[in-house]
Amino acid sequence: MARLQGLTSSTSRAGVFGPPGRPTTGWLLRRSPGIAVDKTKTGRCSENLTLIHSQYRYPSPGRTARSHHARHLQVTTNHSQQQHSSSSQHLSEPCSSHPGPFSSSPLSRKWGPAAHTHTHTSAHLPHIPPAATGQISATSLGRNRSRSRSRSTGNSTLLTPPPAAGVFRRRRRPAQPMAYNTYSTASSDISTPRSTSPSSVFSGRSSHTSVASKRLSLSLQRRQSAFNPMSSVDIASIEQRMKMASLDGLRGYAQDHYGEVKQYRTTDYVPKSAAGGYQVIREPLWNKGLSFTPEERVSKNLTGLIPHAMENTDTQVERCMKMIRSRPTPIDKYLYLSSLKSTNLDLFYRVLIDNVRDLMPLVYTPTIGDVCLQYSTLYTRPEALYISIKQRKSIRTILRNWPNPNPEICVVTDGSRILGLGDLGVNGVGISIGKLALYTGAAGIHPERTLPIVLDAGTANEDNLKDPLYLGLRAKRPSPAVMQEFVDEFMEAVKDVFPEMLIQFEDFETEKAFNYLARYRNDYKCFNDDIQGTGAVVLAGYIGAVNLSGVPLEDQRLVFMGAGSAGVGVAKQMVEYYTRRGLSEQAAKDKFWLVDTKGLVTWDRGDKLPEHKKYFARSDNSGHQFRTLEEVIEYVRPSALVGLTATFGVFTESVVRALKASVDAGGSGRRPILFPLSNPLTKAECTFEQAVQWTEGTVIFASGSPFAPFAVKSGDQAVTYWPNQGNNVYVFPGLGLGAILCKASKVTDEMVYMSAASLAESLNADEIQKGLIYPHIERVRDASIVVAREVMKAARREGVSMLPEEQWVEWEEWGDVALTKFIQDRVYDPLK
């Protein structure tokens with residue numbers, strides 16, 4: 001590239017640049033004066049070049065200049081600028097990929113926007129077509145420099161103009177690499193001199209410099225975006241993959257080899273009778289807070305370790321409730337209760353039992369759903385047994401590590417279907433912890449006899465896998481066959497280590513839930529609350545609702561929205577209700593229509609039905625498929641609608657009004673039955689207020705999570721409608737308590753059915769007068785004792801109770817009074 005030369009005095013005075021004495025037109029490439037040229041760096045050019053017209057003759061047109069004009073001059077000038085007398089054009093700034101135009105040495109220079117432009121009359125200008133106005137790629141101008149016939153003088157370089165015929169004509173060339181892309185610039189970026197006078201040009205230098213600086217900034221931004229080789233790379237995606245790779249600690253290892261943990265010592269626990277000082281205070285099973293008597297404080301070395309005050313139970317409960325009410329969110333309230341539970345179990349359960357209406361939504365649904373979602377973040381201390389599939393050969397060792405000997409009941413989950421929240425993996429252990437708190441609070445099973453367990457076999461939840469705080473196995477779930485082997489090993493180990501323990505399956509995904517129940521129910525003491533417990537509690541409510549509905553049994557027809565484990569389990573329990581009233585199994589089954597996401601479950605709808613849905617698949621649809629719930633209601637004309645979809649708002653106004661219309665068509669005085677049972681509240685199919693309004697107050701309503709009463713003004717009076725909560729807490733605690741106390745070898749269908757029937761008969765006069773179908777939640781302990789009693793009697797009839805014969809002879813002599821007292825004497829009632 002020809003080195004830029006200083007301007008000669010004569011040339012500067014004339015205001016033009018190039019060889020004098022040759023009166024012909026030409027083109028000049030000029031650098032702004034006053035801006036230093038860096039002669040020490042190569043490939044770095046950051047200043048604009050300006051192509052200007054000259055009236056002096058230049059040697060014959062060169063091939064280099066022609067190729068520049070043909071390939072890289074782009075249009076950015078609008079029509080008004082094409083008519084302007086100025087011929088000033090801008091070149092694209094040279095950069096590291098552009099060694100600069102007309103360089104004759106390896107060293108490049110910095111180029112800046114032209115501070116001077118010199119214009120001439122249009123008579124001296126060659127014709128420049130619109131396609132020629134705009135920027136010129138400095139890279140192209142730098143090619144074939146040896147053949148370039150340019151000349152440099154001072155601050156300008158003279159370019160040979162293109163041939164007269166076909167000025168700046170473009171030639172098609174292959175696409176250049178990214179670094180050689182050219183730019184278009186807006187018409188406002190083109191320098192347009194205000195005067196043809198050189199003096200006026202120099203007087204406007206400051207304003208031109210400001211405009212040029214802004215133009216330079218924009219140009220740099222464009223260049224950085226287009227010339228950056230990483231601009232098209234998704235950096236965030238790469239970083240996410242790297243983060244995931246760093247979290248995957250099992251990558252590259254064999255996944256089917258399992259070792260056995262060898263422990264060489266047993267854990268020595270201090271017995272309660274020998275414990276003293278902080279050994280007592282820091283053990284939640286022994287700590288009594290400020291209820292220790294003066295004698296106990298002395299004998300257990302507690303003097304000075306707790307405040308010098310004695311409080312009764314009511315005062316301590318009042319303090320706890322004040323703290324709970326001061327917490328702003330349900331999660332905060334739950335965390336306080338969890339802290340209380342970890343320090344003083346007796347006080348925790350006293351608070352829960354005395355305030356069950358306020359606290360059960362915090363200990364269980366709906367708050368427990370949010371707790372499970374955040375369990376890995378909220379975790380502070382262990383509260384369960386965490387059995388990983390990686391340690392499947394060490395399950396017996398893990399079970400023996402549990403500090404409380406001889407637990408009587410465990411709740412086990414694999415976290416694959418928690419409430420309506422999906423696969424939460426090890427975070428699902430929160431449901432086991434919450435469920436067992438209700439076994440104690442609602443049925444009085446001693447907390448020392450409970451055991452929460454999670455089987456950690458990975459998760460299909462991508463959010464968990466990406467969460468660096470996730471506590472579970474960071475792997476996809478194994479195949480069903482491998483998972484089956486894992487659960488088989490677990491059941492065998494439990495029977496070996498804790499042979500008397502009742503096992504409750506909780507929140508396994510649908511297919512596994514049905515398979516495991518069928519596989520183990522005859523050989524192990526177990527039941528599935530999602531299938532049997534939910535079925536029993538809904539059946540209990542349905543028994544009461546039928547009595548209130550005015551619809552006779554022969555006219556009852558039920559539509560179930562949701563055909564998962566809970567939906568099918570509930571429907572099967574109701575089939576038994578009808579068979580016990582004289583209907584054949586097929587006639588009872590024909591009263592049920594199940595709907596899933598694809599519509600009415602039929603044999604001929606074209607998809608492969610899972611095993612659990614086949615029992616209720618319809619064959620009487622005459623080939624017609626009903627795809628929506630509205631279509632099914634119009635076809636069936638049901639008297640009851642049950643929702644177990646875990647989808648909020650599925651029961652729309654049109655659906656509920658259609659249900660009411662179908663019931664009203666059967667005669668006056670009839671009431672529709674509506675059970676939106678999904679948990680938590682955010683998954684409920686409709687609200688209690690909506691149900692009341694859309695049925696004009698005639699609905700018999702039960703939900704899975706609690707709703708508040710709803711008052712409707714009628715003139716000067718207000719009518720209050722009372723909701724029912726069909727929560728499993730009315731059934732599973734009593735069912736578990738009865739199975740434990742009668743030492744049942746297994747849980748039979750008769751035991752489950754009697755839990756439902758006895759619950760339906762446990763209402764008192766006030767509850768019946770209010771039109772309720774479940775007892776008030778404050779009476780859940782009373783209901784659990786009734787349920788436990790009837791479950792024990794059913795176990796006796798079924799021949800599965802392992803109690804001594806003499807015991808049953810005594811109860812059979814004295815009846816329910818003696819058996820009820822036996823149960824009450826064994827119920828945990830703390831601080832009483």
# chains A, B, ... in the order shown; residues from 1 in each chain; ligands from 1
$ residues_around --residues "region 341-343 of chain A" --least-positions-apart "2" --cutoff "9 Å" --atoms "only C-alpha atoms" --output "JSON, numbers by chain"
{"A": [281, 282, 283, 284, 285, 287, 289, 336, 337, 338, 339, 345, 346, 347, 348, 349, 381, 383]}
$ residues_around --residues "Ser273 (chain A)" --least-positions-apart "4" --cutoff "12 Å" --atoms "only C-alpha atoms" --output "list of chain:residue names"
A:Tyr269, A:Gln279, A:Val280, A:Trp286, A:Glu296, A:Ser299, A:Lys300
$ residues_around --residues "region 648-656 of chain A" --least-positions-apart "6" --cutoff "12 Å" --atoms "only C-alpha atoms" --output "PyMOL selection string"
chain A and resi 420+559-562+595-597+628-634+637-642+662-663+672-696+698-699+701
$ write_last_selection --atoms "N, CA and C atoms" --output "short mmCIF file (atom, residue, chain, number, x, y, z; two decimals), in the first residue's frame"
data_model
loop_
_atom_site.label_atom_id
_atom_site.label_comp_id
_atom_site.auth_asym_id
_atom_site.auth_seq_id
_atom_site.Cartn_x
_atom_site.Cartn_y
_atom_site.Cartn_z
N GLY A 420 -50.01 -33.69 42.64
CA GLY A 420 -50.18 -33.41 41.22
C GLY A 420 -48.97 -32.73 40.64
N VAL A 559 -69.42 -40.03 36.43
CA VAL A 559 -68.35 -39.72 35.47
C VAL A 559 -67.11 -39.33 36.26
N PHE A 560 -66.01 -39.99 35.93
CA PHE A 560 -64.72 -39.70 36.56
C PHE A 560 -63.83 -38.98 35.56
N MET A 561 -63.43 -37.78 35.91
CA MET A 561 -62.45 -37.06 35.09
C MET A 561 -61.08 -37.33 35.70
N GLY A 562 -60.31 -38.21 35.06
CA GLY A 562 -59.04 -38.67 35.59
C GLY A 562 -59.07 -40.17 35.76
N VAL A 595 -62.94 -40.80 32.10
CA VAL A 595 -62.46 -39.90 31.04
C VAL A 595 -61.02 -39.53 31.35
N ASP A 596 -60.16 -39.59 30.35
CA ASP A 596 -58.78 -39.14 30.50
C ASP A 596 -58.50 -38.04 29.49
N THR A 597 -57.26 -37.75 29.24
CA THR A 597 -56.91 -36.64 28.35
C THR A 597 -57.33 -36.89 26.90
N THR A 628 -64.43 -34.85 24.60
CA THR A 628 -64.42 -33.81 25.62
C THR A 628 -65.32 -34.20 26.77
N LEU A 629 -65.10 -33.56 27.92
CA LEU A 629 -65.92 -33.83 29.09
C LEU A 629 -67.36 -33.40 28.85
N GLU A 630 -67.55 -32.29 28.15
CA GLU A 630 -68.90 -31.83 27.85
C GLU A 630 -69.67 -32.87 27.03
N GLU A 631 -68.99 -33.46 26.06
CA GLU A 631 -69.64 -34.49 25.24
C GLU A 631 -70.02 -35.71 26.08
N VAL A 632 -69.14 -36.08 26.99
CA VAL A 632 -69.42 -37.24 27.84
C VAL A 632 -70.62 -36.98 28.74
N ILE A 633 -70.69 -35.78 29.34
CA ILE A 633 -71.81 -35.45 30.22
C ILE A 633 -73.12 -35.44 29.43
N GLU A 634 -73.09 -34.89 28.23
CA GLU A 634 -74.28 -34.88 27.39
C GLU A 634 -74.73 -36.30 27.04
N ARG A 637 -75.45 -38.28 30.97
CA ARG A 637 -76.42 -37.65 31.87
C ARG A 637 -76.17 -38.11 33.31
N PRO A 638 -74.98 -37.79 33.88
CA PRO A 638 -74.60 -38.36 35.18
C PRO A 638 -75.29 -37.66 36.34
N SER A 639 -75.24 -38.32 37.51
CA SER A 639 -75.71 -37.72 38.76
C SER A 639 -74.54 -37.26 39.62
N ALA A 640 -73.33 -37.71 39.29
CA ALA A 640 -72.14 -37.36 40.08
C ALA A 640 -70.95 -37.17 39.15
N LEU A 641 -70.10 -36.20 39.50
CA LEU A 641 -68.88 -35.92 38.74
C LEU A 641 -67.71 -35.87 39.71
N VAL A 642 -66.71 -36.70 39.47
CA VAL A 642 -65.55 -36.81 40.34
C VAL A 642 -64.31 -36.40 39.56
N SER A 662 -78.54 -32.27 33.98
CA SER A 662 -78.82 -33.70 33.85
C SER A 662 -79.49 -34.26 35.11
N VAL A 663 -79.11 -33.74 36.29
CA VAL A 663 -79.74 -34.18 37.54
C VAL A 663 -81.16 -33.64 37.64
N PRO A 672 -77.01 -32.40 42.57
CA PRO A 672 -75.82 -32.97 41.93
C PRO A 672 -74.69 -33.20 42.94
N ILE A 673 -73.89 -34.22 42.71
CA ILE A 673 -72.73 -34.54 43.54
C ILE A 673 -71.48 -34.14 42.76
N LEU A 674 -70.66 -33.28 43.36
CA LEU A 674 -69.47 -32.76 42.68
C LEU A 674 -68.26 -32.89 43.61
N PHE A 675 -67.29 -33.71 43.20
CA PHE A 675 -66.10 -33.96 44.02
C PHE A 675 -64.83 -33.57 43.25
N PRO A 676 -64.37 -32.32 43.31
CA PRO A 676 -63.05 -31.98 42.75
C PRO A 676 -61.96 -32.31 43.78
N LEU A 677 -61.31 -33.45 43.66
CA LEU A 677 -60.51 -34.02 44.74
C LEU A 677 -59.01 -33.81 44.60
N SER A 678 -58.55 -33.16 43.56
CA SER A 678 -57.10 -33.04 43.34
C SER A 678 -56.47 -32.10 44.36
N ASN A 679 -55.27 -32.46 44.77
CA ASN A 679 -54.46 -31.65 45.67
C ASN A 679 -53.22 -31.14 44.94
N PRO A 680 -52.64 -30.00 45.38
CA PRO A 680 -53.18 -29.06 46.38
C PRO A 680 -54.26 -28.17 45.77
N LEU A 681 -54.57 -27.07 46.45
CA LEU A 681 -55.66 -26.20 45.98
C LEU A 681 -55.43 -25.69 44.56
N THR A 682 -54.17 -25.48 44.23
CA THR A 682 -53.85 -24.96 42.89
C THR A 682 -54.13 -25.98 41.80
N LYS A 683 -54.42 -27.23 42.18
CA LYS A 683 -54.74 -28.28 41.21
C LYS A 683 -56.22 -28.67 41.24
N ALA A 684 -57.00 -28.04 42.11
CA ALA A 684 -58.41 -28.40 42.24
C ALA A 684 -59.16 -28.10 40.95
N GLU A 685 -60.07 -28.99 40.59
CA GLU A 685 -60.80 -28.85 39.32
C GLU A 685 -61.75 -27.66 39.31
N CYS A 686 -62.22 -27.23 40.47
CA CYS A 686 -63.00 -26.00 40.60
C CYS A 686 -63.01 -25.62 42.07
N THR A 687 -63.46 -24.43 42.39
CA THR A 687 -63.52 -23.97 43.77
C THR A 687 -64.92 -24.21 44.34
N PHE A 688 -65.01 -24.12 45.65
CA PHE A 688 -66.31 -24.31 46.31
C PHE A 688 -67.26 -23.17 45.94
N GLU A 689 -66.78 -21.97 45.89
CA GLU A 689 -67.63 -20.83 45.54
C GLU A 689 -68.20 -20.99 44.14
N GLN A 690 -67.37 -21.42 43.20
CA GLN A 690 -67.86 -21.63 41.84
C GLN A 690 -68.95 -22.70 41.81
N ALA A 691 -68.71 -23.79 42.53
CA ALA A 691 -69.69 -24.88 42.54
C ALA A 691 -71.03 -24.42 43.09
N VAL A 692 -71.01 -23.62 44.15
CA VAL A 692 -72.26 -23.12 44.74
C VAL A 692 -72.99 -22.20 43.77
N GLN A 693 -72.24 -21.30 43.16
CA GLN A 693 -72.87 -20.33 42.26
C GLN A 693 -73.42 -20.98 41.00
N TRP A 694 -72.69 -21.92 40.43
CA TRP A 694 -73.10 -22.54 39.17
C TRP A 694 -74.22 -23.57 39.33
N THR A 695 -74.49 -23.98 40.58
CA THR A 695 -75.58 -24.92 40.81
C THR A 695 -76.71 -24.30 41.64
N GLU A 696 -76.65 -22.99 41.82
CA GLU A 696 -77.65 -22.28 42.63
C GLU A 696 -77.74 -22.85 44.05
N THR A 698 -77.31 -25.93 45.17
CA THR A 698 -77.83 -27.29 45.36
C THR A 698 -76.73 -28.35 45.42
N VAL A 699 -75.50 -27.99 45.17
CA VAL A 699 -74.42 -28.95 45.02
C VAL A 699 -74.09 -29.63 46.35
N PHE A 701 -70.82 -31.04 47.79
CA PHE A 701 -69.44 -30.75 47.38
C PHE A 701 -68.45 -31.37 48.35
#
$ residues_around --residues "region 718-726 of chain A" --least-positions-apart "3" --cutoff "6 Å" --atoms "only C-alpha atoms" --output "JSON, numbers by chain"
{"A": [702, 703, 704, 706, 709, 710, 711, 712, 713, 714]}
$ write_last_selection --atoms "all heavy atoms" --output "tab-separated table (two decimals), in the first residue's frame"
chain	number	residue	atom	x	y	z
A	702	ALA	N	-67.38	-31.94	47.80
A	702	ALA	CA	-66.26	-32.40	48.61
A	702	ALA	C	-64.98	-32.20	47.80
A	702	ALA	O	-64.95	-32.48	46.59
A	702	ALA	CB	-66.40	-33.87	49.00
A	703	SER	N	-63.93	-31.69	48.45
A	703	SER	CA	-62.66	-31.42	47.78
A	703	SER	C	-61.53	-32.13	48.52
A	703	SER	O	-61.69	-32.56	49.66
A	703	SER	CB	-62.39	-29.92	47.74
A	703	SER	OG	-62.34	-29.39	49.05
A	704	GLY	N	-60.39	-32.21	47.85
A	704	GLY	CA	-59.23	-32.84	48.49
A	704	GLY	C	-58.54	-31.93	49.47
A	704	GLY	O	-58.04	-32.37	50.51
A	706	PRO	N	-58.73	-28.07	51.72
A	706	PRO	CA	-59.81	-27.33	52.39
A	706	PRO	C	-60.20	-26.05	51.69
A	706	PRO	O	-59.36	-25.30	51.21
A	706	PRO	CB	-59.21	-27.04	53.78
A	706	PRO	CG	-57.73	-27.02	53.55
A	706	PRO	CD	-57.46	-28.04	52.48
A	709	PRO	N	-65.96	-21.80	54.21
A	709	PRO	CA	-67.41	-21.71	53.99
A	709	PRO	C	-67.75	-20.50	53.10
A	709	PRO	O	-67.00	-19.51	53.06
A	709	PRO	CB	-67.99	-21.54	55.40
A	709	PRO	CG	-66.94	-22.12	56.30
A	709	PRO	CD	-65.63	-21.82	55.64
A	710	PHE	N	-68.87	-20.57	52.42
A	710	PHE	CA	-69.26	-19.52	51.49
A	710	PHE	C	-70.66	-19.05	51.84
A	710	PHE	O	-71.60	-19.86	51.93
A	710	PHE	CB	-69.22	-20.05	50.05
A	710	PHE	CG	-69.66	-19.07	49.01
A	710	PHE	CD1	-69.00	-17.86	48.84
A	710	PHE	CD2	-70.76	-19.33	48.21
A	710	PHE	CE1	-69.41	-16.95	47.89
A	710	PHE	CE2	-71.17	-18.43	47.25
A	710	PHE	CZ	-70.49	-17.24	47.09
A	711	ALA	N	-70.79	-17.74	52.08
A	711	ALA	CA	-72.07	-17.16	52.47
A	711	ALA	C	-72.68	-16.40	51.30
A	711	ALA	O	-71.98	-15.65	50.59
A	711	ALA	CB	-71.89	-16.23	53.66
A	712	VAL	N	-73.97	-16.59	51.09
A	712	VAL	CA	-74.70	-15.91	50.02
A	712	VAL	C	-75.86	-15.15	50.66
A	712	VAL	O	-76.66	-15.74	51.40
A	712	VAL	CB	-75.23	-16.91	48.98
A	712	VAL	CG1	-76.04	-16.17	47.92
A	712	VAL	CG2	-74.08	-17.68	48.35
A	713	LYS	N	-75.93	-13.87	50.38
A	713	LYS	CA	-77.01	-13.06	50.94
A	713	LYS	C	-78.30	-13.29	50.17
A	713	LYS	O	-78.32	-13.31	48.94
A	713	LYS	CB	-76.64	-11.57	50.88
A	713	LYS	CG	-75.61	-11.17	51.92
A	713	LYS	CD	-75.43	-9.66	51.96
A	713	LYS	CE	-74.48	-9.26	53.09
A	713	LYS	NZ	-74.32	-7.79	53.19
A	714	SER	N	-79.38	-13.44	50.93
A	714	SER	CA	-80.71	-13.59	50.35
A	714	SER	C	-81.64	-12.64	51.10
A	714	SER	O	-82.17	-12.97	52.16
A	714	SER	CB	-81.19	-15.04	50.48
A	714	SER	OG	-82.49	-15.19	49.96
$ closest_residue --among "A:Glu239, A:Asp829, A:Glu813, A:Asp523" --to "Glu492 (chain A)" --atoms "only C-alpha atoms"
A:Asp523
$ residues_around --residues "Gly415 (chain A)" --least-positions-apart "6" --cutoff "12 Å" --atoms "only C-alpha atoms" --output "PyMOL selection string"
chain A and resi 369+372-373+375+386+421-432+453-461+464+472-473+477+505-510+512-513
$ select_by_dssp --residues "region 305-493 of chain A" --states "alpha helix (DSSP H)" --output "ChimeraX atom specification"
/A:313-326,330-343,345-354,356-363,367-373,375-378,395-400,429-443,462-466,480-493
$ closest_residue --among "A:Ala536, A:Ala309, A:Val551, A:Ile398" --to "Gly567 (chain A)" --atoms "only C-alpha atoms"
A:Ala536
$ closest_residue --among "A:Tyr578, A:Phe292, A:Tyr439, A:Phe626" --to "Leu831 (chain A)" --atoms "only C-alpha atoms"
A:Phe292
